[in-house]
Amino acid sequence: MRITVLGATGGVGQEIVGQALAAGHEVTAVVRDPDRLPERLDRAALAAVVRLDDPAAVAGRDAVLSGLGSRGRRADGVAERLTERILTAMEAEGVRRLVVVSAVPVGPEPAGGRLVDRLALKVVGAVLADVYADLTRMEAALARRATDWTAVRPPKLTDGPLTGVYRRVVGGAPRGSRSVSRADVAHAMLALVEDPAAVRRGVGVAY
């Protein structure tokens with residue numbers, strides 16, 4: 001499969017690139033600063049390393065996976081703004097499949113969730129209100145387009161290892177969603193590329 005990875009220098013983006021290469025996919029890494037691509041990622045194995053405004057970013061790709069997001073509490077609209085740009089580029093090139101990272105508070109509350117979990121989500125939502133507002137606008141931008149998108153909504157992200165053992169809920173979130181590793185989010189995103197049930201849906205991913 002020929003894929004483009006946005007935000008390839010970020011935590012989730014690095015994991016997508018590494019796992020995609022290990023699986024034998026042809027990977028184009030899209031980065032803001034090519035010099036920040038981590039040494040642990042094999043540049044020689046990549047099809048290309050390009051900036052977002054490069055026409056080669058999505059041309060001829062089977063799918064685009066985005067690890068874009070804020071690095072702090074202030075989002076400054078980065079997810080919405082850059083996702084809009086990639087959507088426009090995909091439409092121009094006739095590329096339809098897009099899988100992005102969002103967050104569990106953007107979606108509906110887990111069915112039958114415990115009070116303590118609901119309260120925890122509200123506290124986190126208040127602290128990271130700007131980040132979640134940006135992701136909410138990003139998902140609204142997705143819904144306005146004809147792209148075959150999927151928004152993966154994890155809870156707290158950790159630097160834990162890849163396990164391949166996590167829960168997925170299409171259109172909702174796993175009960176008791178507390179955390180999941182960036183490696184497992186990347187694993188889920190790659191698996192969801194070819195899952196028709198996830199097209200134009202949010203998918204909760206958590207342990």
# chains A, B, ... in the order shown; residues from 1 in each chain; ligands from 1
>>> select_by_dssp(residues="region 3-204 of chain A", states="alpha helix (DSSP H)", output="VMD selection string")
chain A and resid 11 to 22 78 to 93 115 to 127 129 to 144 182 to 192
>>> residues_around(residues="Asp53 (chain A)", least_positions_apart="3", cutoff="9 Å", atoms="only C-alpha atoms", output="number ranges by chain")
A: 50, 56-57, 85-86, 89
>>> write_last_selection(atoms="N, CA and C atoms", output="PDB file, in the first residue's frame")
ATOM      1  N   VAL A  50       8.797  15.056   2.466  1.00  0.00           N
ATOM      2  CA  VAL A  50       8.367  16.300   1.829  1.00  0.00           C
ATOM      3  C   VAL A  50       7.657  17.200   2.827  1.00  0.00           C
ATOM      4  N   ALA A  56       3.901  16.487  -4.282  1.00  0.00           N
ATOM      5  CA  ALA A  56       4.125  15.045  -4.150  1.00  0.00           C
ATOM      6  C   ALA A  56       3.615  14.477  -2.833  1.00  0.00           C
ATOM      7  N   ALA A  57       3.100  15.340  -1.950  1.00  0.00           N
ATOM      8  CA  ALA A  57       2.691  14.882  -0.621  1.00  0.00           C
ATOM      9  C   ALA A  57       1.629  13.794  -0.678  1.00  0.00           C
ATOM     10  N   ARG A  85      -6.021  21.830   4.628  1.00  0.00           N
ATOM     11  CA  ARG A  85      -5.078  21.895   3.506  1.00  0.00           C
ATOM     12  C   ARG A  85      -4.875  20.526   2.873  1.00  0.00           C
ATOM     13  N   ILE A  86      -4.757  19.504   3.707  1.00  0.00           N
ATOM     14  CA  ILE A  86      -4.531  18.176   3.130  1.00  0.00           C
ATOM     15  C   ILE A  86      -5.795  17.663   2.447  1.00  0.00           C
ATOM     16  N   ALA A  89      -5.772  19.138  -0.959  1.00  0.00           N
ATOM     17  CA  ALA A  89      -4.770  18.464  -1.795  1.00  0.00           C
ATOM     18  C   ALA A  89      -5.250  17.078  -2.223  1.00  0.00           C
TER      19      ALA A  89
END
>>> residues_around(residues="Arg200 (chain A)", least_positions_apart="3", cutoff="9 Å", atoms="only C-alpha atoms", output="list in words")
Leu142, Ala143, Thr147, Asp148, Trp149, Thr150, Ala151 and Ala197 of chain A
>>> write_last_selection(atoms="N, CA, C and O atoms", output="mmCIF file, in the first residue's frame")
data_model
loop_
_atom_site.group_PDB
_atom_site.id
_atom_site.type_symbol
_atom_site.label_atom_id
_atom_site.label_comp_id
_atom_site.auth_asym_id
_atom_site.auth_seq_id
_atom_site.Cartn_x
_atom_site.Cartn_y
_atom_site.Cartn_z
ATOM 1 N N LEU A 142 -13.896 17.539 8.317
ATOM 2 C CA LEU A 142 -13.954 16.226 7.676
ATOM 3 C C LEU A 142 -15.375 15.924 7.207
ATOM 4 O O LEU A 142 -15.592 15.455 6.090
ATOM 5 N N ALA A 143 -16.331 16.179 8.076
ATOM 6 C CA ALA A 143 -17.731 15.844 7.770
ATOM 7 C C ALA A 143 -18.269 16.642 6.586
ATOM 8 O O ALA A 143 -19.189 16.180 5.902
ATOM 9 N N THR A 147 -14.452 13.115 1.391
ATOM 10 C CA THR A 147 -13.366 12.169 1.653
ATOM 11 C C THR A 147 -13.829 11.000 2.517
ATOM 12 O O THR A 147 -14.679 11.148 3.396
ATOM 13 N N ASP A 148 -13.263 9.826 2.286
ATOM 14 C CA ASP A 148 -13.550 8.643 3.114
ATOM 15 C C ASP A 148 -12.664 8.699 4.359
ATOM 16 O O ASP A 148 -11.616 8.064 4.433
ATOM 17 N N TRP A 149 -13.103 9.463 5.338
ATOM 18 C CA TRP A 149 -12.274 9.707 6.517
ATOM 19 C C TRP A 149 -12.640 8.789 7.680
ATOM 20 O O TRP A 149 -13.753 8.259 7.760
ATOM 21 N N THR A 150 -11.703 8.643 8.604
ATOM 22 C CA THR A 150 -11.939 8.017 9.912
ATOM 23 C C THR A 150 -11.190 8.843 10.943
ATOM 24 O O THR A 150 -10.012 9.166 10.750
ATOM 25 N N ALA A 151 -11.850 9.207 12.042
ATOM 26 C CA ALA A 151 -11.213 9.938 13.138
ATOM 27 C C ALA A 151 -10.996 8.974 14.303
ATOM 28 O O ALA A 151 -11.963 8.475 14.889
ATOM 29 N N ALA A 197 -16.206 -0.452 7.687
ATOM 30 C CA ALA A 197 -17.135 -0.071 8.755
ATOM 31 C C ALA A 197 -16.718 1.227 9.435
ATOM 32 O O ALA A 197 -17.533 1.872 10.110
#
>>> closest_residue(among="A:Leu52, A:Val199, A:Val106, A:Leu21", to="Pro34 (chain A)", atoms="only C-alpha atoms")
A:Leu52
>>> closest_residue(among="A:Ala186, A:Val64, A:Ala141, A:Ala206", to="Val5 (chain A)", atoms="only C-alpha atoms")
A:Val64
>>> closest_residue(among="A:Pro154, A:Gly13, A:Gly69, A:Pro105", to="Arg81 (chain A)", atoms="only C-alpha atoms")
A:Gly69
>>> atom_distance(atom1="CA of Asp159 (chain A)", atom2="CA of Arg178 (chain A)")
14.0 Å
>>> select_by_dssp(residues="chain A", states="strand (DSSP E or B)", output="ChimeraX atom specification")
/A:2-6,26-30,48-50,63-66,97-101,148-153,156-158,167-170,179-181,201-206
>>> closest_residue(among="A:Val169, A:Ala183, A:Val78, A:Val152", to="Ala133 (chain A)", atoms="only C-alpha atoms")
A:Val78
>>> atom_distance(atom1="CA of Ala23 (chain A)", atom2="CA of Leu41 (chain A)")
13.9 Å
>>> closest_residue(among="A:Thr88, A:Ser179, A:Thr163, A:Thr83", to="Arg137 (chain A)", atoms="only C-alpha atoms")
A:Thr83
>>> closest_residue(among="A:Ser102, A:Thr9, A:Thr4, A:Gln14", to="Gly60 (chain A)", atoms="only C-alpha atoms")
A:Thr4
>>> decode(residues="region 55-72 of chain A", atoms="N, CA, C and O atoms", output="PDB file, in the first residue's frame")
ATOM      1  N   PRO A  55       3.559  19.212  -3.968  1.00  0.00           N
ATOM      2  CA  PRO A  55       2.534  18.465  -4.717  1.00  0.00           C
ATOM      3  C   PRO A  55       2.682  16.952  -4.596  1.00  0.00           C
ATOM      4  O   PRO A  55       1.709  16.218  -4.775  1.00  0.00           O
ATOM      5  N   ALA A  56       3.901  16.487  -4.282  1.00  0.00           N
ATOM      6  CA  ALA A  56       4.125  15.045  -4.150  1.00  0.00           C
ATOM      7  C   ALA A  56       3.615  14.477  -2.833  1.00  0.00           C
ATOM      8  O   ALA A  56       3.658  13.258  -2.624  1.00  0.00           O
ATOM      9  N   ALA A  57       3.100  15.340  -1.950  1.00  0.00           N
ATOM     10  CA  ALA A  57       2.691  14.882  -0.621  1.00  0.00           C
ATOM     11  C   ALA A  57       1.629  13.794  -0.678  1.00  0.00           C
ATOM     12  O   ALA A  57       1.683  12.818   0.092  1.00  0.00           O
ATOM     13  N   VAL A  58       0.643  13.932  -1.571  1.00  0.00           N
ATOM     14  CA  VAL A  58      -0.436  12.948  -1.623  1.00  0.00           C
ATOM     15  C   VAL A  58      -0.630  12.329  -3.001  1.00  0.00           C
ATOM     16  O   VAL A  58      -1.436  11.407  -3.148  1.00  0.00           O
ATOM     17  N   ALA A  59       0.076  12.808  -3.991  1.00  0.00           N
ATOM     18  CA  ALA A  59      -0.123  12.315  -5.358  1.00  0.00           C
ATOM     19  C   ALA A  59       0.130  10.815  -5.447  1.00  0.00           C
ATOM     20  O   ALA A  59       1.162  10.319  -4.996  1.00  0.00           O
ATOM     21  N   GLY A  60      -0.845  10.083  -5.991  1.00  0.00           N
ATOM     22  CA  GLY A  60      -0.675   8.653  -6.206  1.00  0.00           C
ATOM     23  C   GLY A  60      -0.753   7.793  -4.960  1.00  0.00           C
ATOM     24  O   GLY A  60      -0.439   6.606  -5.002  1.00  0.00           O
ATOM     25  N   ARG A  61      -1.229   8.361  -3.867  1.00  0.00           N
ATOM     26  CA  ARG A  61      -1.303   7.601  -2.615  1.00  0.00           C
ATOM     27  C   ARG A  61      -2.604   6.805  -2.526  1.00  0.00           C
ATOM     28  O   ARG A  61      -3.645   7.213  -3.036  1.00  0.00           O
ATOM     29  N   ASP A  62      -2.536   5.668  -1.848  1.00  0.00           N
ATOM     30  CA  ASP A  62      -3.750   4.886  -1.569  1.00  0.00           C
ATOM     31  C   ASP A  62      -4.468   5.416  -0.333  1.00  0.00           C
ATOM     32  O   ASP A  62      -5.689   5.266  -0.203  1.00  0.00           O
ATOM     33  N   ALA A  63      -3.702   5.994   0.583  1.00  0.00           N
ATOM     34  CA  ALA A  63      -4.286   6.508   1.823  1.00  0.00           C
ATOM     35  C   ALA A  63      -3.356   7.538   2.439  1.00  0.00           C
ATOM     36  O   ALA A  63      -2.141   7.524   2.214  1.00  0.00           O
ATOM     37  N   VAL A  64      -3.948   8.420   3.244  1.00  0.00           N
ATOM     38  CA  VAL A  64      -3.204   9.411   4.011  1.00  0.00           C
ATOM     39  C   VAL A  64      -3.535   9.197   5.481  1.00  0.00           C
ATOM     40  O   VAL A  64      -4.712   9.069   5.843  1.00  0.00           O
ATOM     41  N   LEU A  65      -2.504   9.132   6.333  1.00  0.00           N
ATOM     42  CA  LEU A  65      -2.700   8.993   7.775  1.00  0.00           C
ATOM     43  C   LEU A  65      -2.085  10.202   8.458  1.00  0.00           C
ATOM     44  O   LEU A  65      -0.940  10.574   8.168  1.00  0.00           O
ATOM     45  N   SER A  66      -2.840  10.819   9.353  1.00  0.00           N
ATOM     46  CA  SER A  66      -2.396  12.056   9.983  1.00  0.00           C
ATOM     47  C   SER A  66      -2.213  11.900  11.490  1.00  0.00           C
ATOM     48  O   SER A  66      -3.144  11.541  12.206  1.00  0.00           O
ATOM     49  N   GLY A  67      -1.010  12.231  11.940  1.00  0.00           N
ATOM     50  CA  GLY A  67      -0.723  12.295  13.366  1.00  0.00           C
ATOM     51  C   GLY A  67      -0.635  13.734  13.840  1.00  0.00           C
ATOM     52  O   GLY A  67      -0.074  14.010  14.898  1.00  0.00           O
ATOM     53  N   LEU A  68      -1.186  14.662  13.051  1.00  0.00           N
ATOM     54  CA  LEU A  68      -1.113  16.083  13.381  1.00  0.00           C
ATOM     55  C   LEU A  68      -1.872  16.395  14.663  1.00  0.00           C
ATOM     56  O   LEU A  68      -2.927  15.842  14.922  1.00  0.00           O
ATOM     57  N   GLY A  69      -1.324  17.333  15.422  1.00  0.00           N
ATOM     58  CA  GLY A  69      -1.997  17.771  16.639  1.00  0.00           C
ATOM     59  C   GLY A  69      -1.126  18.733  17.410  1.00  0.00           C
ATOM     60  O   GLY A  69       0.042  18.949  17.075  1.00  0.00           O
ATOM     61  N   SER A  70      -1.704  19.307  18.441  1.00  0.00           N
ATOM     62  CA  SER A  70      -0.986  20.270  19.256  1.00  0.00           C
ATOM     63  C   SER A  70       0.052  19.575  20.132  1.00  0.00           C
ATOM     64  O   SER A  70      -0.158  18.446  20.592  1.00  0.00           O
ATOM     65  N   ARG A  71       1.158  20.267  20.381  1.00  0.00           N
ATOM     66  CA  ARG A  71       2.184  19.740  21.289  1.00  0.00           C
ATOM     67  C   ARG A  71       2.020  20.277  22.707  1.00  0.00           C
ATOM     68  O   ARG A  71       2.792  19.957  23.581  1.00  0.00           O
ATOM     69  N   GLY A  72       1.028  21.133  22.904  1.00  0.00           N
ATOM     70  CA  GLY A  72       0.805  21.700  24.228  1.00  0.00           C
ATOM     71  C   GLY A  72      -0.663  22.002  24.432  1.00  0.00           C
ATOM     72  O   GLY A  72      -1.528  21.500  23.717  1.00  0.00           O
TER      73      GLY A  72
END
